[in-house]
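To keep things clear, I will list the structure first and then write my remarks on it.
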Amino acid sequence: MYLDGSAPASVVDEVPDILALLGDRSTLARQRPAFRIEEVEGTKDVAAYRQLRRDAFVHEQGLFAHHDLDDRDTDLRTVVLVAKDPQGIVVGGVRLCPVDDGPDLGWWQGGRLVVARGARGPQGIGAALVRAACARAETEGVLRFDATVQARNEPLFRRLGWQRIRDVTVSAAPHVLMRWPIGRIAAQAAATKAALGSLLAELPAPTGFVGDDGAPVPGTDVIAACDAIVPSMVERDPEWAGWCAVLVNVNDLAAMGASPLGLLDAVGARDAAHAARMLAGLALAARSYGIPVLGGHTQLGVPAALSVTALGRTDRPVPGGGGRPGHAVRITADLGGGWRTGYRGRQWDSTTHRRTDELRAMTGAVAAARPAAAKDVSMAGIAGTLGMLAEGSGCRAVLDVAAVPRPREATVGDWFTCFPGFAMLTADEPGAPPLPAGPATGAVCGELTTGEGVGLRWPDGEITEAVTSTVTGMGPA
């Protein structure tokens, strides 16, 4: 479907053809959409859109002397969406693009929204173009989407859900900076972690380790961790599920600063062949990380299921909630590899190509550096996991978007919300040494402050809210 709610042209054409044969002219008129929205194709559409802009912004409104073209029009990353009437004539348009010439930081702006004078009114072309631009921005992995609109258009944007930021002046005319609220990070954190506080309230937890990746076994130096893999993933991709069952548990031990001792697995499968594929992936990962599989349980003739328990050892576990206001936040992530086939934008595979010594260097980095707090990036993504670290520390976190190391192939939106293979968030005193994590890349990317939630700080100093409150509801450790 198009973003204005109409069907694609091929579908629209089929319906009128049938109705025309039946002679049903009244229904035919109702079925034909007043306009459709699409991305520009070819120079003809671009020229028509620019002519509409010239008519409106130069001749009609006098905002520009000769033309309204600028560098964004020649930026190859700029996306132009146009509205076309049933005859294919461009009757409106809007553009959206990154704000800077440098790397795309997930901060885009919309602009040059225009509707032909004869097409304005109850058809709602302008509103449809704005909604389409918002949807396209989010598809591009944008986490901040701004627009500077003429003051008289502020009510339209407010009705569509935009937030007013402040008054500005453009071409000596009053404008308003508006922002589209993108809730991708908050929604992911809520979907994956928000229920934990109430669900786990009655379960006893070791003092100082509430919400941690692993659990210290009382009276010992043993750390235990346990993770289950999503059943749908076990069903359709059993080898990868087996690998990930080891990966996530080893990362949990690594975040606690523990050295791995061994693994226990629990496998459920419809038949022996499916179980063998899971165990093949698990065995390959165990060998790659150099960790023995101590035992487990296997059951056949049941729905797909896989969970692994990992045991490790440290006499000084690093808490996830050990941060304090003023601590610097650092991320250490392996940027090698690429998107796992079938999981683009959701799972980054940085581990299957690594040697054992490289994997052990990364998973031993927290134990070597001993920061005040550490958490491995989990299903909540980078920003959501930082929110968990901040919550356990009784703090708020501010994340510098431009400072977060990121693979070239990943948008900011995808990288901040995906499972990144190996990525560790730590908090410590400013100037503390980096994690010695071998091939992984590390950078200071923010700080802990007073308050709660997670803010994203952009190159212009603006802070947008990624998580407005606590992530899990479990409270400080």
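How things are named: the first chain in the structure tokens is A, the next is B, and so on; residues count from 1 in each chain; ligands count from 1 in the order shown.
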Next item on the list: Within 8 Å of A:Val99, counting only C-alpha atoms, which residues show up once you throw out same-chain ones fewer than 6 positions away? Write them as a ChimeraX atom specification, please.
Entry: /A:107-109
Next item on the list: Compile the contact shell of A:Val308 as an NGL selection string: residues with an atom at most 6 Å away, counting only C-alpha atoms, same-chain residues fewer than 5 positions apart removed.
Entry: :A and (226-227 or 245 or 264-265)
Using N, CA, C and O atoms, can you write the selected residues to a file as a PDB file, in the first residue's frame?
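The file below, selection_1.pdb, is the result:
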ATOM      1  N   CYS A 226      22.465 -17.875  32.519  1.00  0.00           N
ATOM      2  CA  CYS A 226      21.585 -18.751  31.753  1.00  0.00           C
ATOM      3  C   CYS A 226      20.802 -17.918  30.743  1.00  0.00           C
ATOM      4  O   CYS A 226      20.265 -16.869  31.086  1.00  0.00           O
ATOM      5  N   ASP A 227      20.762 -18.390  29.495  1.00  0.00           N
ATOM      6  CA  ASP A 227      20.006 -17.716  28.450  1.00  0.00           C
ATOM      7  C   ASP A 227      19.296 -18.744  27.590  1.00  0.00           C
ATOM      8  O   ASP A 227      19.843 -19.821  27.307  1.00  0.00           O
ATOM      9  N   ALA A 245      23.580 -19.473  21.464  1.00  0.00           N
ATOM     10  CA  ALA A 245      23.366 -19.925  22.844  1.00  0.00           C
ATOM     11  C   ALA A 245      24.671 -19.894  23.638  1.00  0.00           C
ATOM     12  O   ALA A 245      24.687 -19.572  24.830  1.00  0.00           O
ATOM     13  N   LEU A 264      26.319 -25.984  30.201  1.00  0.00           N
ATOM     14  CA  LEU A 264      25.300 -27.021  30.253  1.00  0.00           C
ATOM     15  C   LEU A 264      24.194 -26.636  29.278  1.00  0.00           C
ATOM     16  O   LEU A 264      23.806 -25.462  29.223  1.00  0.00           O
ATOM     17  N   ASP A 265      23.691 -27.608  28.501  1.00  0.00           N
ATOM     18  CA  ASP A 265      22.677 -27.260  27.523  1.00  0.00           C
ATOM     19  C   ASP A 265      21.405 -28.064  27.745  1.00  0.00           C
ATOM     20  O   ASP A 265      21.439 -29.189  28.247  1.00  0.00           O
TER      21      ASP A 265
END
Notebook entry, point to check: Counting only C-alpha atoms, what is within 7 Å of A:Gly473, bar same-chain residues fewer than 5 positions away, as number ranges by chain?
Noted result: A: 194, 196-197
Please write the residues from the selection above to a file, keeping C-alpha atoms, as a PDB file, in the first residue's frame.
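Produced file selection38.pdb, reproduced below:
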ATOM      1  CA  ALA A 194       9.845  -3.485  30.874  1.00  0.00           C
ATOM      2  CA  LEU A 196      11.045  -7.702  34.382  1.00  0.00           C
ATOM      3  CA  GLY A 197      10.534  -5.584  37.490  1.00  0.00           C
TER       4      GLY A 197
END
Which residues, written as a PDB file with N, CA and C atoms, in the first residue's frame, have at least one atom at most 8 Å from stretch 157-169 of chain A, with only C-alpha atoms counted and residues fewer than 3 positions away on the same chain left out?
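Listed below is the output, around_0.pdb:
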ATOM      1  N   ALA A 127      -0.479  16.780   4.289  1.00  0.00           N
ATOM      2  CA  ALA A 127      -0.393  15.898   5.454  1.00  0.00           C
ATOM      3  C   ALA A 127       0.116  14.525   5.063  1.00  0.00           C
ATOM      4  N   ARG A 131       3.443  12.588   6.496  1.00  0.00           N
ATOM      5  CA  ARG A 131       3.421  11.234   7.069  1.00  0.00           C
ATOM      6  C   ARG A 131       4.353  10.298   6.309  1.00  0.00           C
ATOM      7  N   THR A 148      12.092  22.545   9.750  1.00  0.00           N
ATOM      8  CA  THR A 148      11.852  23.957  10.007  1.00  0.00           C
ATOM      9  C   THR A 148      10.684  24.380   9.135  1.00  0.00           C
ATOM     10  N   ASN A 153       2.187  26.921   9.366  1.00  0.00           N
ATOM     11  CA  ASN A 153       1.991  25.485   9.176  1.00  0.00           C
ATOM     12  C   ASN A 153       2.196  24.685  10.457  1.00  0.00           C
ATOM     13  N   GLU A 154       2.527  25.368  11.558  1.00  0.00           N
ATOM     14  CA  GLU A 154       2.740  24.651  12.812  1.00  0.00           C
ATOM     15  C   GLU A 154       1.520  23.834  13.240  1.00  0.00           C
ATOM     16  N   ALA A 172      14.243  35.749   6.644  1.00  0.00           N
ATOM     17  CA  ALA A 172      13.562  36.885   7.274  1.00  0.00           C
ATOM     18  C   ALA A 172      12.091  36.605   7.572  1.00  0.00           C
ATOM     19  N   ALA A 173      11.693  35.331   7.526  1.00  0.00           N
ATOM     20  CA  ALA A 173      10.297  34.973   7.804  1.00  0.00           C
ATOM     21  C   ALA A 173      10.236  34.085   9.049  1.00  0.00           C
ATOM     22  N   PRO A 174       9.177  34.224   9.871  1.00  0.00           N
ATOM     23  CA  PRO A 174       9.066  33.409  11.086  1.00  0.00           C
ATOM     24  C   PRO A 174       8.823  31.932  10.756  1.00  0.00           C
ATOM     25  N   HIS A 175       9.631  31.076  11.359  1.00  0.00           N
ATOM     26  CA  HIS A 175       9.505  29.631  11.214  1.00  0.00           C
ATOM     27  C   HIS A 175       9.540  28.994  12.605  1.00  0.00           C
ATOM     28  N   VAL A 176       9.241  27.718  12.645  1.00  0.00           N
ATOM     29  CA  VAL A 176       9.275  26.954  13.894  1.00  0.00           C
ATOM     30  C   VAL A 176      10.049  25.660  13.648  1.00  0.00           C
ATOM     31  N   LEU A 177      11.000  25.387  14.516  1.00  0.00           N
ATOM     32  CA  LEU A 177      11.696  24.104  14.462  1.00  0.00           C
ATOM     33  C   LEU A 177      10.802  23.046  15.102  1.00  0.00           C
ATOM     34  N   MET A 178      10.451  22.020  14.324  1.00  0.00           N
ATOM     35  CA  MET A 178       9.586  20.940  14.792  1.00  0.00           C
ATOM     36  C   MET A 178      10.377  19.636  14.765  1.00  0.00           C
ATOM     37  N   ARG A 179       9.954  18.693  15.601  1.00  0.00           N
ATOM     38  CA  ARG A 179      10.656  17.398  15.663  1.00  0.00           C
ATOM     39  C   ARG A 179       9.641  16.266  15.693  1.00  0.00           C
ATOM     40  N   TRP A 180       9.870  15.268  14.864  1.00  0.00           N
ATOM     41  CA  TRP A 180       9.042  14.071  14.844  1.00  0.00           C
ATOM     42  C   TRP A 180       9.535  13.122  15.928  1.00  0.00           C
ATOM     43  N   PRO A 181       8.699  12.718  16.886  1.00  0.00           N
ATOM     44  CA  PRO A 181       9.157  11.834  17.968  1.00  0.00           C
ATOM     45  C   PRO A 181       9.335  10.399  17.466  1.00  0.00           C
TER      46      PRO A 181
END
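Across the structure, atom CA of A:Ser307 and atom CA of A:Phe416 are spaced 25.6 Å apart.
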Give me, as a compact mmCIF listing (two decimals) with C-alpha atoms, in the first residue's frame, all polymer residues having an atom no more than 12 Å from stretch 52-67 of chain A, counting only C-alpha atoms and skipping those fewer than 4 positions away in the same chain.
# COMPACT_ATOMS: atom_id res chain seq x y z
CA ASP A 45 9.70 14.22 -11.73
CA VAL A 46 12.58 16.15 -10.16
CA ALA A 47 12.05 19.07 -12.53
CA ALA A 48 8.31 19.11 -11.82
CA ASP A 73 19.35 19.11 -3.67
CA VAL A 82 6.17 13.38 -4.69
CA ALA A 83 2.39 13.25 -4.84
CA ILE A 89 1.08 14.89 -12.79
CA VAL A 90 3.24 15.93 -9.82
CA VAL A 91 1.04 18.00 -7.51
CA GLY A 92 3.21 18.07 -4.39
CA GLY A 93 6.49 16.98 -2.92
CA VAL A 94 8.83 16.91 0.04
CA ARG A 95 12.49 16.09 0.53
CA GLY A 111 11.93 20.32 4.09
CA ARG A 112 10.72 22.01 0.94
CA LEU A 113 7.20 20.68 1.48
CA VAL A 114 5.03 22.03 -1.30
CA VAL A 115 1.60 21.43 -2.80
CA ALA A 116 0.43 22.92 -6.09
CA ARG A 117 -1.97 25.82 -5.55
CA GLY A 118 -4.83 24.07 -7.34
CA ALA A 119 -4.34 20.85 -5.33
CA ARG A 120 -4.46 22.38 -1.86
CA GLN A 150 6.62 28.22 8.38
CA THR A 169 13.87 32.77 11.39
CA VAL A 170 14.49 31.65 7.81
CA SER A 171 14.79 34.12 4.92
CA ALA A 172 13.56 36.89 7.27
CA ALA A 173 10.30 34.97 7.80
CA PRO A 174 9.07 33.41 11.09
CA HIS A 175 9.50 29.63 11.21
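Taking only C-alpha atoms into account, A:Met379 lies nearest to A:Pro420 out of the set A:Gly342, A:Pro420, A:Gly257, A:Gly392.
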Checklist line | stretch 141-390 of chain A: residues DSSP assigns to alpha helix (DSSP H), reported as a ChimeraX atom specification | finding: /A:154-159,184-193,196-199,231-236,238-255,272-289,356-363,365-369,381-390
Check: Of the residues A:Glu391, A:Asp68, A:Glu447, A:Asp376, which is the one nearest to A:Gln51, using only C-alpha atoms?
Finding: A:Asp68
Checklist line | All residues 6 Å or closer to stretch 403-407 of chain A, only C-alpha atoms, same chain fewer than 3 positions away omitted, as a PyMOL selection string | finding: chain A and resi 335+400+410+445
Write the residues of the selection above to a file with N, CA and C atoms, as a CSV table (one decimal), in the first residue's frame.
chain,number,residue,atom,x,y,z
A,335,LEU,N,33.5,-4.5,15.4
A,335,LEU,CA,32.8,-4.0,14.2
A,335,LEU,C,33.0,-4.9,13.0
A,400,ASP,N,26.6,10.0,23.5
A,400,ASP,CA,27.0,10.9,22.4
A,400,ASP,C,26.9,10.1,21.1
A,410,ALA,N,25.9,-0.4,8.8
A,410,ALA,CA,24.8,-0.3,9.7
A,410,ALA,C,24.3,1.2,9.9
A,445,CYS,N,31.9,7.4,25.1
A,445,CYS,CA,30.7,7.8,24.3
A,445,CYS,C,29.6,8.5,25.1
